[in-house]
Amino acid sequence: MTKEKKQALYESLSDILKGAQIGQLNLVTGDGVEIVYNKYGECEKPNPDYSPAARDHIMEYVSRLKPLVRAEYLDGYEDLWMRILNLQEVRVQVYNKGKQQDTTFNRNLVAQIIHQIGNRVYLVGVSDQQYAEYLEPGKGKNHSVRQKLGESPDGPIKKAIETLFVKE
């Protein structure tokens, strides 16, 4: 879908739904672009950095931690990460890599999310160094992601992820 078509679709949705009595409408196009309209504001512009390839890179990255996943989460691990990536609070930031090198996504945010869900999803007693070694083989303990594995994400993201776990 071209940018022009997407923009036209957003504008059409906005016009059609302005007077509607709905709280929110989520539309996922065939190419994986999600358009969200809510009654509290205009149609939200999708993250321009989003691409299915970037999402696939994130999934490959977090899949490196599968040997550390608790047995009860192993079968649903990919699904859990897809639900995390689909949270609006995460989605607007995770595809913006900023100045990070050798990545197509916000590796620091992913590391912070790993830190937040660590005690629930991953084996007890795993250190930041061990996470880093699995995520960045060969350079893990010296990789900059190791520091982020010890930090929590910003408040809105942290709250959205906690809410996701409460719903389970």
# chains A, B, ... in the order shown; residues from 1 in each chain; ligands from 1
>>> select_by_dssp(residues="stretch 68-127 of chain A", states="alpha helix (DSSP H)", output="JSON, numbers by chain")
{"A": [71, 72, 73, 74, 77, 78, 79, 80, 81, 82, 83, 84, 85, 86, 88, 89, 90, 91, 92, 93, 94, 107, 108, 109, 110, 111, 112, 113, 114, 115, 116, 117, 118, 119, 120, 121]}
>>> residues_around(residues="stretch 153-157 of chain A", least_positions_apart="2", cutoff="7 Å", atoms="only C-alpha atoms", output="PyMOL selection string")
chain A and resi 89-90+109+112-113+151+159-161
>>> write_last_selection(atoms="C-alpha atoms", output="short mmCIF file (atom, residue, chain, number, x, y, z; two decimals), in the first residue's frame")
data_model
loop_
_atom_site.label_atom_id
_atom_site.label_comp_id
_atom_site.auth_asym_id
_atom_site.auth_seq_id
_atom_site.Cartn_x
_atom_site.Cartn_y
_atom_site.Cartn_z
CA GLU A 89 2.50 2.07 23.68
CA VAL A 90 5.16 -0.35 22.47
CA LEU A 109 13.37 -0.93 24.33
CA GLN A 112 13.97 -3.13 28.78
CA ILE A 113 10.84 -5.19 28.08
CA GLU A 151 16.45 -1.10 33.14
CA LYS A 159 1.80 -0.28 32.64
CA ALA A 160 0.53 -1.59 29.28
CA ILE A 161 2.63 -4.75 29.63
#
>>> residues_around(residues="A:Ile84", least_positions_apart="4", cutoff="12 Å", atoms="only C-alpha atoms", output="mmCIF file with N, CA and C atoms, in the first residue's frame")
data_model
loop_
_atom_site.group_PDB
_atom_site.id
_atom_site.type_symbol
_atom_site.label_atom_id
_atom_site.label_comp_id
_atom_site.auth_asym_id
_atom_site.auth_seq_id
_atom_site.Cartn_x
_atom_site.Cartn_y
_atom_site.Cartn_z
ATOM 1 N N ARG A 55 9.556 -6.287 12.359
ATOM 2 C CA ARG A 55 8.856 -7.133 13.332
ATOM 3 C C ARG A 55 9.480 -8.536 13.347
ATOM 4 N N ILE A 58 12.688 -8.516 15.237
ATOM 5 C CA ILE A 58 12.464 -8.516 16.695
ATOM 6 C C ILE A 58 12.140 -9.929 17.163
ATOM 7 N N MET A 59 11.266 -10.604 16.428
ATOM 8 C CA MET A 59 10.875 -11.953 16.826
ATOM 9 C C MET A 59 12.079 -12.916 16.778
ATOM 10 N N VAL A 62 14.290 -11.993 19.981
ATOM 11 C CA VAL A 62 13.809 -12.495 21.273
ATOM 12 C C VAL A 62 13.737 -14.018 21.289
ATOM 13 N N TYR A 77 5.334 -18.481 23.706
ATOM 14 C CA TYR A 77 6.336 -17.419 23.779
ATOM 15 C C TYR A 77 6.239 -16.437 22.615
ATOM 16 N N GLU A 78 6.163 -16.945 21.392
ATOM 17 C CA GLU A 78 6.065 -16.047 20.228
ATOM 18 C C GLU A 78 4.766 -15.245 20.273
ATOM 19 N N ASP A 79 3.683 -15.914 20.653
ATOM 20 C CA ASP A 79 2.396 -15.226 20.745
ATOM 21 C C ASP A 79 2.441 -14.108 21.787
ATOM 22 N N LEU A 80 3.083 -14.366 22.912
ATOM 23 C CA LEU A 80 3.234 -13.344 23.948
ATOM 24 C C LEU A 80 3.971 -12.133 23.387
ATOM 25 N N GLN A 88 -0.172 -0.576 21.716
ATOM 26 C CA GLN A 88 0.036 0.740 21.103
ATOM 27 C C GLN A 88 1.249 1.446 21.704
ATOM 28 N N GLU A 89 1.395 1.384 23.004
ATOM 29 C CA GLU A 89 2.495 2.073 23.679
ATOM 30 C C GLU A 89 3.850 1.550 23.218
ATOM 31 N N VAL A 90 3.914 0.265 22.940
ATOM 32 C CA VAL A 90 5.161 -0.353 22.465
ATOM 33 C C VAL A 90 5.341 -0.068 20.983
ATOM 34 N N ARG A 91 4.272 -0.266 20.224
ATOM 35 C CA ARG A 91 4.317 -0.152 18.763
ATOM 36 C C ARG A 91 4.843 1.197 18.279
ATOM 37 N N VAL A 92 4.504 2.269 18.975
ATOM 38 C CA VAL A 92 4.928 3.589 18.504
ATOM 39 C C VAL A 92 6.417 3.851 18.716
ATOM 40 N N VAL A 94 8.926 0.909 19.309
ATOM 41 C CA VAL A 94 9.825 -0.226 19.108
ATOM 42 C C VAL A 94 10.412 -0.290 17.695
ATOM 43 N N LEU A 109 14.719 -0.740 23.786
ATOM 44 C CA LEU A 109 13.370 -0.927 24.330
ATOM 45 C C LEU A 109 13.068 -2.416 24.486
ATOM 46 N N VAL A 110 13.432 -3.216 23.522
ATOM 47 C CA VAL A 110 13.211 -4.662 23.619
ATOM 48 C C VAL A 110 13.947 -5.209 24.845
ATOM 49 N N ILE A 113 12.034 -4.333 27.950
ATOM 50 C CA ILE A 113 10.841 -5.186 28.082
ATOM 51 C C ILE A 113 11.250 -6.565 28.595
ATOM 52 N N ILE A 114 12.358 -7.091 28.088
ATOM 53 C CA ILE A 114 12.873 -8.375 28.578
ATOM 54 C C ILE A 114 13.124 -8.275 30.080
ATOM 55 N N GLN A 116 11.607 -6.290 32.188
ATOM 56 C CA GLN A 116 10.330 -6.212 32.894
ATOM 57 C C GLN A 116 9.650 -7.575 33.011
ATOM 58 N N ILE A 117 9.659 -8.366 31.958
ATOM 59 C CA ILE A 117 8.958 -9.646 31.982
ATOM 60 C C ILE A 117 9.852 -10.786 32.470
ATOM 61 N N ILE A 157 4.595 2.224 28.911
ATOM 62 C CA ILE A 157 4.889 0.906 28.340
ATOM 63 C C ILE A 157 4.843 -0.147 29.445
ATOM 64 N N LYS A 158 5.442 0.166 30.561
ATOM 65 C CA LYS A 158 5.453 -0.760 31.698
ATOM 66 C C LYS A 158 4.027 -1.094 32.133
ATOM 67 N N LYS A 159 3.187 -0.079 32.217
ATOM 68 C CA LYS A 159 1.801 -0.280 32.638
ATOM 69 C C LYS A 159 1.031 -1.115 31.615
ATOM 70 N N ALA A 160 1.228 -0.844 30.330
ATOM 71 C CA ALA A 160 0.529 -1.592 29.281
ATOM 72 C C ALA A 160 0.915 -3.078 29.322
ATOM 73 N N ILE A 161 2.178 -3.364 29.565
ATOM 74 C CA ILE A 161 2.631 -4.754 29.631
ATOM 75 C C ILE A 161 2.082 -5.425 30.875
ATOM 76 N N GLU A 162 2.065 -4.723 31.992
ATOM 77 C CA GLU A 162 1.471 -5.292 33.211
ATOM 78 C C GLU A 162 0.001 -5.609 32.999
ATOM 79 N N THR A 163 -0.716 -4.723 32.328
ATOM 80 C CA THR A 163 -2.125 -4.944 32.033
ATOM 81 C C THR A 163 -2.295 -6.177 31.148
ATOM 82 N N LEU A 164 -1.409 -6.370 30.210
ATOM 83 C CA LEU A 164 -1.444 -7.539 29.337
ATOM 84 C C LEU A 164 -1.343 -8.821 30.153
ATOM 85 N N PHE A 165 -0.474 -8.844 31.143
ATOM 86 C CA PHE A 165 -0.321 -10.038 31.983
ATOM 87 C C PHE A 165 -1.522 -10.254 32.891
#
>>> residues_around(residues="A:Arg64", least_positions_apart="6", cutoff="10 Å", atoms="only C-alpha atoms", output="number ranges by chain")
A: 131, 133-137
>>> atom_distance(atom1="atom CA of A:Asn119", atom2="atom CA of A:Asp102")
28.1 Å
>>> atom_distance(atom1="atom CA of A:Glu72", atom2="atom CA of A:Leu123")
10.6 Å
>>> closest_residue(among="A:Phe105, A:Trp81, A:Val166, A:Gln7", to="A:Lys66", atoms="only C-alpha atoms")
A:Trp81
>>> atom_distance(atom1="atom CA of A:Gly76", atom2="atom CA of A:Val121")
10.4 Å
>>> decode(residues="stretch 152-164 of chain A", atoms="all heavy atoms", output="short mmCIF file (atom, residue, chain, number, x, y, z; two decimals), in the first residue's frame")
data_model
loop_
_atom_site.label_atom_id
_atom_site.label_comp_id
_atom_site.auth_asym_id
_atom_site.auth_seq_id
_atom_site.Cartn_x
_atom_site.Cartn_y
_atom_site.Cartn_z
N SER A 152 14.07 -0.77 33.37
CA SER A 152 12.66 -0.95 33.04
C SER A 152 12.25 0.05 31.97
O SER A 152 12.82 1.14 31.89
CB SER A 152 11.79 -0.74 34.28
OG SER A 152 12.03 -1.75 35.21
N PRO A 153 11.24 -0.29 31.17
CA PRO A 153 10.75 0.67 30.18
C PRO A 153 10.03 1.83 30.85
O PRO A 153 9.73 1.79 32.05
CB PRO A 153 9.80 -0.16 29.32
CG PRO A 153 9.48 -1.37 30.09
CD PRO A 153 10.56 -1.57 31.10
N ASP A 154 9.73 2.85 30.07
CA ASP A 154 8.99 4.01 30.58
C ASP A 154 7.64 3.58 31.13
O ASP A 154 7.08 2.55 30.74
CB ASP A 154 8.79 5.04 29.47
CG ASP A 154 10.10 5.69 29.04
OD1 ASP A 154 11.06 5.68 29.84
OD2 ASP A 154 10.15 6.21 27.91
N GLY A 155 7.09 4.44 31.99
CA GLY A 155 5.84 4.16 32.69
C GLY A 155 4.69 3.66 31.83
O GLY A 155 4.08 2.63 32.15
N PRO A 156 4.32 4.36 30.75
CA PRO A 156 3.18 3.90 29.95
C PRO A 156 3.40 2.51 29.35
O PRO A 156 2.47 1.70 29.31
CB PRO A 156 3.06 4.96 28.85
CG PRO A 156 3.72 6.17 29.41
CD PRO A 156 4.80 5.66 30.31
N ILE A 157 4.60 2.22 28.91
CA ILE A 157 4.89 0.91 28.34
C ILE A 157 4.84 -0.15 29.45
O ILE A 157 4.25 -1.21 29.28
CB ILE A 157 6.25 0.91 27.63
CG1 ILE A 157 6.18 1.80 26.38
CG2 ILE A 157 6.69 -0.51 27.26
CD1 ILE A 157 7.49 2.03 25.69
N LYS A 158 5.44 0.17 30.56
CA LYS A 158 5.45 -0.76 31.70
C LYS A 158 4.03 -1.09 32.13
O LYS A 158 3.69 -2.26 32.35
CB LYS A 158 6.24 -0.14 32.85
CG LYS A 158 6.49 -1.06 34.00
CD LYS A 158 7.40 -0.42 35.02
CE LYS A 158 7.67 -1.37 36.16
NZ LYS A 158 8.59 -0.82 37.14
N LYS A 159 3.19 -0.08 32.22
CA LYS A 159 1.80 -0.28 32.64
C LYS A 159 1.03 -1.12 31.62
O LYS A 159 0.26 -2.01 31.98
CB LYS A 159 1.12 1.08 32.83
CG LYS A 159 -0.29 0.99 33.35
CD LYS A 159 -0.88 2.34 33.62
CE LYS A 159 -2.30 2.21 34.13
NZ LYS A 159 -2.92 3.51 34.38
N ALA A 160 1.23 -0.84 30.33
CA ALA A 160 0.53 -1.59 29.28
C ALA A 160 0.92 -3.08 29.32
O ALA A 160 0.06 -3.96 29.17
CB ALA A 160 0.84 -1.00 27.92
N ILE A 161 2.18 -3.36 29.56
CA ILE A 161 2.63 -4.75 29.63
C ILE A 161 2.08 -5.43 30.88
O ILE A 161 1.64 -6.58 30.83
CB ILE A 161 4.17 -4.82 29.56
CG1 ILE A 161 4.64 -4.38 28.17
CG2 ILE A 161 4.67 -6.23 29.88
CD1 ILE A 161 6.14 -4.19 28.04
N GLU A 162 2.07 -4.72 31.99
CA GLU A 162 1.47 -5.29 33.21
C GLU A 162 0.00 -5.61 33.00
O GLU A 162 -0.48 -6.66 33.43
CB GLU A 162 1.65 -4.34 34.40
CG GLU A 162 3.06 -4.25 34.91
CD GLU A 162 3.63 -5.58 35.37
OE1 GLU A 162 2.91 -6.36 36.04
OE2 GLU A 162 4.79 -5.87 35.04
N THR A 163 -0.72 -4.72 32.33
CA THR A 163 -2.12 -4.94 32.03
C THR A 163 -2.30 -6.18 31.15
O THR A 163 -3.23 -6.96 31.34
CB THR A 163 -2.74 -3.71 31.36
OG1 THR A 163 -2.59 -2.59 32.23
CG2 THR A 163 -4.21 -3.90 31.05
N LEU A 164 -1.41 -6.37 30.21
CA LEU A 164 -1.44 -7.54 29.34
C LEU A 164 -1.34 -8.82 30.15
O LEU A 164 -2.08 -9.79 29.92
CB LEU A 164 -0.30 -7.47 28.33
CG LEU A 164 -0.16 -8.62 27.34
CD1 LEU A 164 -1.25 -8.55 26.28
CD2 LEU A 164 1.20 -8.61 26.70
#
